[in-house]
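**Student:** my_file.cif is reproduced below (mmCIF, C-alpha atoms).
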data_start
loop_
_atom_site.label_atom_id
_atom_site.label_comp_id
_atom_site.auth_asym_id
_atom_site.auth_seq_id
_atom_site.Cartn_x
_atom_site.Cartn_y
_atom_site.Cartn_z
CA MET A 133 41.95 240.39 125.09
CA ASP A 134 43.36 236.95 125.89
CA TRP A 135 46.29 235.70 127.93
CA VAL A 136 48.77 233.31 126.31
CA GLU A 137 51.34 231.27 128.23
CA VAL A 138 54.92 232.04 127.22
CA GLU A 139 55.46 228.39 126.25
CA GLU A 140 52.46 228.58 123.92
CA LEU A 141 53.43 231.72 122.02
CA SER A 142 53.31 231.15 118.27
CA GLU A 143 56.34 231.88 116.10
CA ASP A 144 54.64 235.05 114.88
CA LEU A 145 53.98 236.28 118.44
CA VAL A 146 57.57 235.58 119.44
CA LEU A 147 58.79 237.57 116.43
CA GLN A 148 56.72 240.53 117.66
CA LEU A 149 59.12 240.77 120.60
CA SER A 150 61.53 242.23 118.04
CA TYR A 151 59.98 245.58 117.18
CA PRO A 152 59.70 246.93 114.51
CA ARG A 153 61.81 244.70 112.22
CA ARG A 154 60.93 241.25 113.58
CA ILE A 155 64.48 239.92 113.64
CA GLN A 156 64.49 236.29 114.79
CA GLU A 157 67.83 236.49 116.62
CA TYR A 158 66.75 239.61 118.50
CA ALA A 159 63.35 238.13 119.36
CA ASP A 160 65.11 235.04 120.74
CA GLY A 161 67.27 237.31 122.93
CA VAL A 162 64.19 239.06 124.32
CA LEU A 163 62.58 235.67 124.92
CA ARG A 164 65.58 234.67 127.03
CA ASP A 165 64.92 237.80 129.12
CA VAL A 166 61.27 236.79 129.41
CA TYR A 167 62.17 233.42 130.90
CA ALA A 168 64.83 234.90 133.18
CA LEU A 169 62.33 237.48 134.48
CA GLU A 170 59.81 234.71 135.12
CA VAL A 171 57.12 236.18 132.90
CA ARG A 172 54.32 233.62 132.64
CA LYS A 173 51.85 235.11 130.17
CA PHE A 174 51.45 237.81 127.53
CA ALA A 175 48.27 239.76 126.84
CA VAL A 176 47.22 239.20 123.23
CA ASP A 177 44.59 241.17 121.32
CA ARG A 178 43.49 240.30 117.78
CA GLY A 179 46.55 238.22 117.13
CA GLN A 180 49.00 240.86 118.36
CA LEU A 181 50.94 241.18 121.59
CA LEU A 182 49.15 243.94 123.50
CA LEU A 183 51.18 247.14 123.60
CA LEU A 184 50.83 249.51 126.54
CA GLY A 185 53.10 252.03 124.90
CA LYS A 186 55.49 252.68 122.06
CA GLY A 187 58.33 255.17 121.91
CA PHE A 188 61.56 256.07 120.14
CA ARG A 189 63.64 253.56 122.12
CA ASN A 190 61.19 251.02 123.55
CA VAL A 191 57.88 249.24 123.34
CA VAL A 192 55.95 248.11 126.42
CA PHE A 193 53.96 244.86 126.61
CA LEU A 194 51.36 243.85 129.19
CA VAL A 195 52.45 240.61 130.86
CA GLU A 196 51.67 238.50 133.88
CA THR A 197 54.05 237.06 136.45
CA GLU A 198 53.52 235.06 139.61
CA ARG A 199 53.25 238.39 141.42
CA GLY A 200 50.52 239.70 139.11
CA ARG A 201 50.36 241.93 136.07
CA ALA A 202 53.44 243.86 135.03
CA ALA A 203 54.83 245.94 132.20
CA LEU A 204 57.64 244.47 130.08
CA LYS A 205 59.61 247.29 128.51
CA VAL A 206 61.64 246.02 125.57
CA ARG A 207 64.31 247.96 123.73
CA ARG A 208 63.40 248.37 120.06
CA ASP A 209 65.60 246.46 117.66
CA ASP A 210 66.35 249.71 115.78
CA ALA A 211 67.32 251.72 118.89
CA PRO A 212 70.85 253.22 118.97
CA SER A 213 71.66 250.79 121.79
CA THR A 214 69.65 247.62 122.42
CA SER A 215 71.05 247.09 125.93
CA VAL A 216 68.98 248.32 128.87
CA GLY A 217 71.78 248.01 131.42
CA ARG A 218 72.35 251.74 131.94
CA GLU A 219 68.63 252.49 132.10
CA ALA A 220 68.12 249.73 134.67
CA VAL A 221 70.80 251.22 136.94
CA VAL A 222 69.37 254.75 136.69
CA HIS A 223 65.78 253.52 137.10
CA ALA A 224 66.72 251.59 140.25
CA ALA A 225 68.40 254.71 141.66
CA ALA A 226 65.27 256.75 140.87
CA ASN A 227 63.19 254.18 142.77
CA ARG A 228 65.48 254.59 145.78
CA ALA A 229 64.70 258.31 145.59
CA GLY A 230 60.98 257.47 145.62
CA VAL A 231 60.43 258.20 141.94
CA GLY A 232 59.14 256.12 139.03
CA PRO A 233 57.32 252.82 138.51
CA ARG A 234 58.74 250.08 140.71
CA LEU A 235 61.45 248.18 138.82
CA LEU A 236 60.92 244.43 139.23
CA GLY A 237 63.88 243.13 137.24
CA SER A 238 65.96 243.55 134.11
CA GLY A 239 67.57 241.51 131.36
CA GLU A 240 69.78 242.26 128.37
CA HIS A 241 67.06 243.96 126.33
CA SER A 242 64.14 244.23 128.76
CA LEU A 243 62.94 245.84 131.96
CA LEU A 244 60.10 244.44 134.07
CA MET A 245 58.19 247.00 136.13
CA GLU A 246 54.89 247.69 137.78
CA VAL A 247 51.98 248.69 135.56
CA VAL A 248 51.08 252.36 135.96
CA VAL A 249 47.53 253.40 135.08
CA GLY A 250 47.27 257.14 134.80
CA THR A 251 46.40 260.15 132.66
CA PRO A 252 49.09 262.24 130.97
CA LEU A 253 49.44 265.52 132.83
CA HIS A 254 48.36 267.75 129.93
CA ARG A 255 45.11 265.80 129.54
CA TRP A 256 44.48 265.72 133.29
CA LEU A 257 44.94 269.45 133.93
CA PRO A 258 41.81 270.81 132.14
CA GLU A 259 39.43 268.68 134.22
CA ALA A 260 41.14 269.11 137.60
CA SER A 261 40.14 271.57 140.30
CA GLY A 262 42.49 274.31 141.45
CA GLU A 263 43.23 272.46 144.70
CA GLU A 264 43.91 269.21 142.85
CA VAL A 265 46.30 271.01 140.53
CA ARG A 266 48.04 272.71 143.45
CA THR A 267 48.54 269.40 145.27
CA THR A 268 49.53 267.36 142.24
CA ILE A 269 51.95 269.86 140.72
CA GLY A 270 53.52 270.15 144.15
CA LYS A 271 54.00 266.38 144.28
CA ALA A 272 55.51 266.37 140.79
CA LEU A 273 58.00 269.08 141.75
CA MET A 274 58.90 267.18 144.93
CA GLN A 275 59.71 264.14 142.80
CA CYS A 276 61.77 266.30 140.46
CA ARG A 277 63.67 267.54 143.50
CA GLY A 278 64.15 263.93 144.63
CA LEU A 279 65.84 263.19 141.31
CA ASP A 280 67.95 266.34 141.61
CA LEU A 281 69.17 265.28 145.05
CA ALA A 282 69.96 261.79 143.73
CA GLY A 283 72.12 263.27 140.98
CA ILE A 284 69.83 261.99 138.22
CA ASP A 285 68.69 264.08 135.28
CA HIS A 286 65.61 262.57 133.65
CA GLY A 287 66.48 264.31 130.40
CA GLU A 288 62.98 264.75 129.01
CA LEU A 289 60.92 266.67 131.54
CA THR A 290 60.66 269.70 129.27
CA ARG A 291 58.28 267.34 127.42
CA ALA A 292 56.50 266.18 130.55
CA HIS A 293 53.27 265.47 128.64
CA LYS A 294 54.90 262.16 127.66
CA HIS A 295 56.58 261.41 130.97
CA VAL A 296 54.33 262.49 133.86
CA LEU A 297 51.15 260.56 134.66
CA VAL A 298 48.48 261.31 137.26
CA THR A 299 46.62 258.36 138.77
CA GLU A 300 43.01 258.28 139.97
CA GLU A 301 44.36 258.65 143.52
CA LEU A 302 46.12 261.88 142.43
CA GLU A 303 49.53 260.28 142.75
CA VAL A 304 52.24 261.33 140.32
CA LYS A 305 54.37 258.89 138.35
CA ILE A 306 57.38 260.07 136.37
CA ILE A 307 58.05 257.39 133.77
CA ASP A 308 60.62 256.40 131.14
CA PHE A 309 64.23 256.73 132.23
CA GLY A 310 65.61 255.83 128.81
CA ALA A 311 67.31 259.20 128.42
CA ALA A 312 68.15 259.65 132.11
CA ARG A 313 71.73 259.94 133.33
CA PHE A 314 73.76 260.60 136.44
CA THR A 315 75.18 264.10 136.55
CA PRO A 316 76.55 266.51 139.16
CA ARG A 317 74.23 269.21 137.78
CA PRO A 318 70.75 267.73 137.35
CA GLY A 319 67.98 270.06 136.21
CA ASN A 320 64.68 268.28 136.76
CA VAL A 321 62.91 271.03 138.70
CA THR A 322 64.03 273.59 136.12
CA SER A 323 63.00 271.40 133.18
CA PHE A 324 59.58 270.64 134.63
CA LEU A 325 58.92 274.32 135.37
CA ARG A 326 59.92 275.13 131.80
CA TYR A 327 57.23 272.68 130.67
CA LEU A 328 54.61 274.16 133.03
CA TYR A 329 55.29 277.65 131.69
CA SER A 330 55.35 276.62 128.04
CA ARG A 331 52.92 278.21 125.61
CA GLU A 332 50.62 275.19 125.66
CA VAL A 333 50.44 274.62 129.43
CA LYS A 334 50.80 278.07 131.00
CA PRO A 335 47.21 279.22 130.22
CA LEU A 336 45.83 276.08 131.90
CA LEU A 337 48.03 276.61 134.94
CA ALA A 338 47.04 280.28 135.16
CA GLU A 339 43.36 279.32 135.06
CA LYS A 340 43.81 276.93 137.99
CA LEU A 341 46.42 278.70 140.13
CA GLY A 342 46.42 282.30 138.99
CA ASP A 343 48.82 284.03 136.63
CA ARG A 344 52.13 283.70 138.46
CA GLU A 345 55.62 283.89 136.98
CA VAL A 346 58.63 281.90 138.12
CA ASP A 347 61.14 284.09 139.94
CA LEU A 348 64.24 283.37 137.86
CA GLN A 349 66.60 284.64 140.54
CA LEU A 350 65.11 282.19 143.05
CA LEU A 351 65.32 279.40 140.48
CA ARG A 352 68.99 280.16 139.82
CA GLU A 353 69.64 280.03 143.57
CA TYR A 354 67.95 276.63 143.75
CA LYS A 355 69.99 275.31 140.80
CA ARG A 356 73.17 276.53 142.49
CA THR A 357 72.50 275.11 145.96
CA LEU A 358 69.70 272.49 145.61
CA SER A 359 68.80 273.55 149.14
CA GLU A 360 65.42 272.99 150.79
CA GLU A 361 65.14 276.69 151.56
CA ALA A 362 65.71 277.67 147.93
CA PHE A 363 63.26 275.02 146.72
CA ARG A 364 60.54 276.27 149.08
CA ALA A 365 61.17 279.82 147.88
CA VAL A 366 60.59 278.70 144.29
CA LEU A 367 57.34 276.99 145.33
CA ARG A 368 56.14 280.15 147.08
CA SER A 369 56.90 282.24 144.03
CA ILE A 370 54.43 280.21 141.96
CA GLY A 371 51.82 279.91 144.68
CA LEU A 372 52.46 276.34 145.77
CA ALA A 373 53.71 276.94 149.32
#
Mind turning this structure into structure tokens?

**Tutor:**
Amino acid sequence: MDWVEVEELSEDLVLQLSYPRRIQEYADGVLRDVYALEVRKFAVDRGQLLLLGKGFRNVVFLVETERGRAALKVRRDDAPSTSVGREAVVHAAANRAGVGPRLLGSGEHSLLMEVVVGTPLHRWLPEASGEEVRTTIGKALMQCRGLDLAGIDHGELTRAHKHVLVTEELEVKIIDFGAARFTPRPGNVTSFLRYLYSREVKPLLAEKLGDREVDLQLLREYKRTLSEEAFRAVLRSIGLA
């Protein structure tokens, strides 16, 4: 892997900022974001901008700024909307609730954020001890509650294998707020529990924490009130409090 100064990017590398269609006008727009966000260098591997991730709406490049390495999340040129304005607002609100990678700045098509190094939850679970699972799942649910209290629905936590990372320090990072929205009835705790008790994950969870079922009446009470008491009751019902 090499680092290339923004001013020294070849025409082909600049075009790669427009993914997947390599549209010159779009790439130029992303490049304007790059300068405005004070990105200094891009990681390049085998003649390609290094991708940290690729999804339905965005691609993520590894970059360097004066403050160190960062992740540049760029809206794909074939996404339904190529503006990141709404996502930036929701992501910043999630940060204020103590959730998500730290947002460092935003442009028309791009978000600049801290780099998160972690293991997707479904790959982390099989190797973790029961106590590690208890602690980490508890942290994840606390972050889901933080989003609920902030009036933010992540929108994709029923597929948490793509959106919840566990770091080496056993910290939890909920990522990707592309589908997130403000709503008076957020359902992050409910969505994440639905993931934990899905066919693929439930056997792993039972192996680590015992075969417990979510008390649906307690969960309905939490959804209705979002109270601390109701949340703690849900945690107790699955052996986390």

**Student:** Give me the result of the PyMOL selection byres ((chain A and resi 251) around 8) on this file, residue by residue, as a list in words.

**Tutor:** Val249, Gly250, Pro252, Leu253, Arg255, Trp256, Leu297, Val298 and Thr299 of chain A

**Student:** Choose the residue, out of A:Glu303, A:Glu240, A:Glu137, A:Glu196, that has the smallest atom-to-atom separation from A:Ala168; count all atoms listed in the file.

**Tutor:**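 Closest residue, counting all atoms listed in the file: A:Glu240.
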
**Student:** Could you list, as a list in words, every residue within 10 Å of stretch 207-212 of chain A, counting all atoms listed in the file and ignoring same-chain residues fewer than 5 positions away?

**Tutor:**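 Contacts, with the query itself left out: Leu149, Ser150, Tyr151, Pro152, Arg153, Arg154, Ile155, Tyr158, Ala159, Val162, Lys186, Gly187, Phe188, Arg189, Asn190, Val191, Val192, Glu240, His241, Ser242, Leu243 and Gly310 of chain A.
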
**Student:** Of the candidates A:Ala282, A:Leu183, A:Leu341, A:Leu141, which one gets nearest to A:Ala225 if we count all atoms listed in the file?

**Tutor:**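 Result for the nearest residue to A:Ala225: A:Ala282.
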
**Student:** Find the axis-aligned box for stretch 370-373 of chain A, covering all its listed atoms and adding 4 Å on each side, and write its centre and edge lengths in Å to one decimal as lines of an AutoDock Vina configuration file.

**Tutor:**
center_x = 53.1
center_y = 278.3
center_z = 145.6
size_x = 10.6
size_y = 11.9
size_z = 15.4

**Student:** Which residue gives the smallest distance to A:Gly230 among A:Leu281, A:Phe193, A:Glu288, A:Thr267, with all atoms listed in the file counted?

**Tutor:** A:Leu281

**Student:** As a check of understanding, name the residues that the PyMOL selection byres ((chain A and resi 258) around 10) selects in the supplied structure, as a list in words.

**Tutor:** Leu253, His254, Arg255, Trp256, Leu257, Glu259, Ala260, Ser261, Gly262, Val265, Val333, Leu336, Leu337, Glu339 and Lys340 of chain A

**Student:** Export, as a PDB file, keeping the file's coordinate frame, the selected residues with C-alpha atoms.

**Tutor:**
ATOM      1  CA  LEU A 253      49.440 265.520 132.830  1.00  0.00           C
ATOM      2  CA  HIS A 254      48.360 267.750 129.930  1.00  0.00           C
ATOM      3  CA  ARG A 255      45.110 265.800 129.540  1.00  0.00           C
ATOM      4  CA  TRP A 256      44.480 265.720 133.290  1.00  0.00           C
ATOM      5  CA  LEU A 257      44.940 269.450 133.930  1.00  0.00           C
ATOM      6  CA  GLU A 259      39.430 268.680 134.220  1.00  0.00           C
ATOM      7  CA  ALA A 260      41.140 269.110 137.600  1.00  0.00           C
ATOM      8  CA  SER A 261      40.140 271.570 140.300  1.00  0.00           C
ATOM      9  CA  GLY A 262      42.490 274.310 141.450  1.00  0.00           C
ATOM     10  CA  VAL A 265      46.300 271.010 140.530  1.00  0.00           C
ATOM     11  CA  VAL A 333      50.440 274.620 129.430  1.00  0.00           C
ATOM     12  CA  LEU A 336      45.830 276.080 131.900  1.00  0.00           C
ATOM     13  CA  LEU A 337      48.030 276.610 134.940  1.00  0.00           C
ATOM     14  CA  GLU A 339      43.360 279.320 135.060  1.00  0.00           C
ATOM     15  CA  LYS A 340      43.810 276.930 137.990  1.00  0.00           C
TER      16      LYS A 340
END
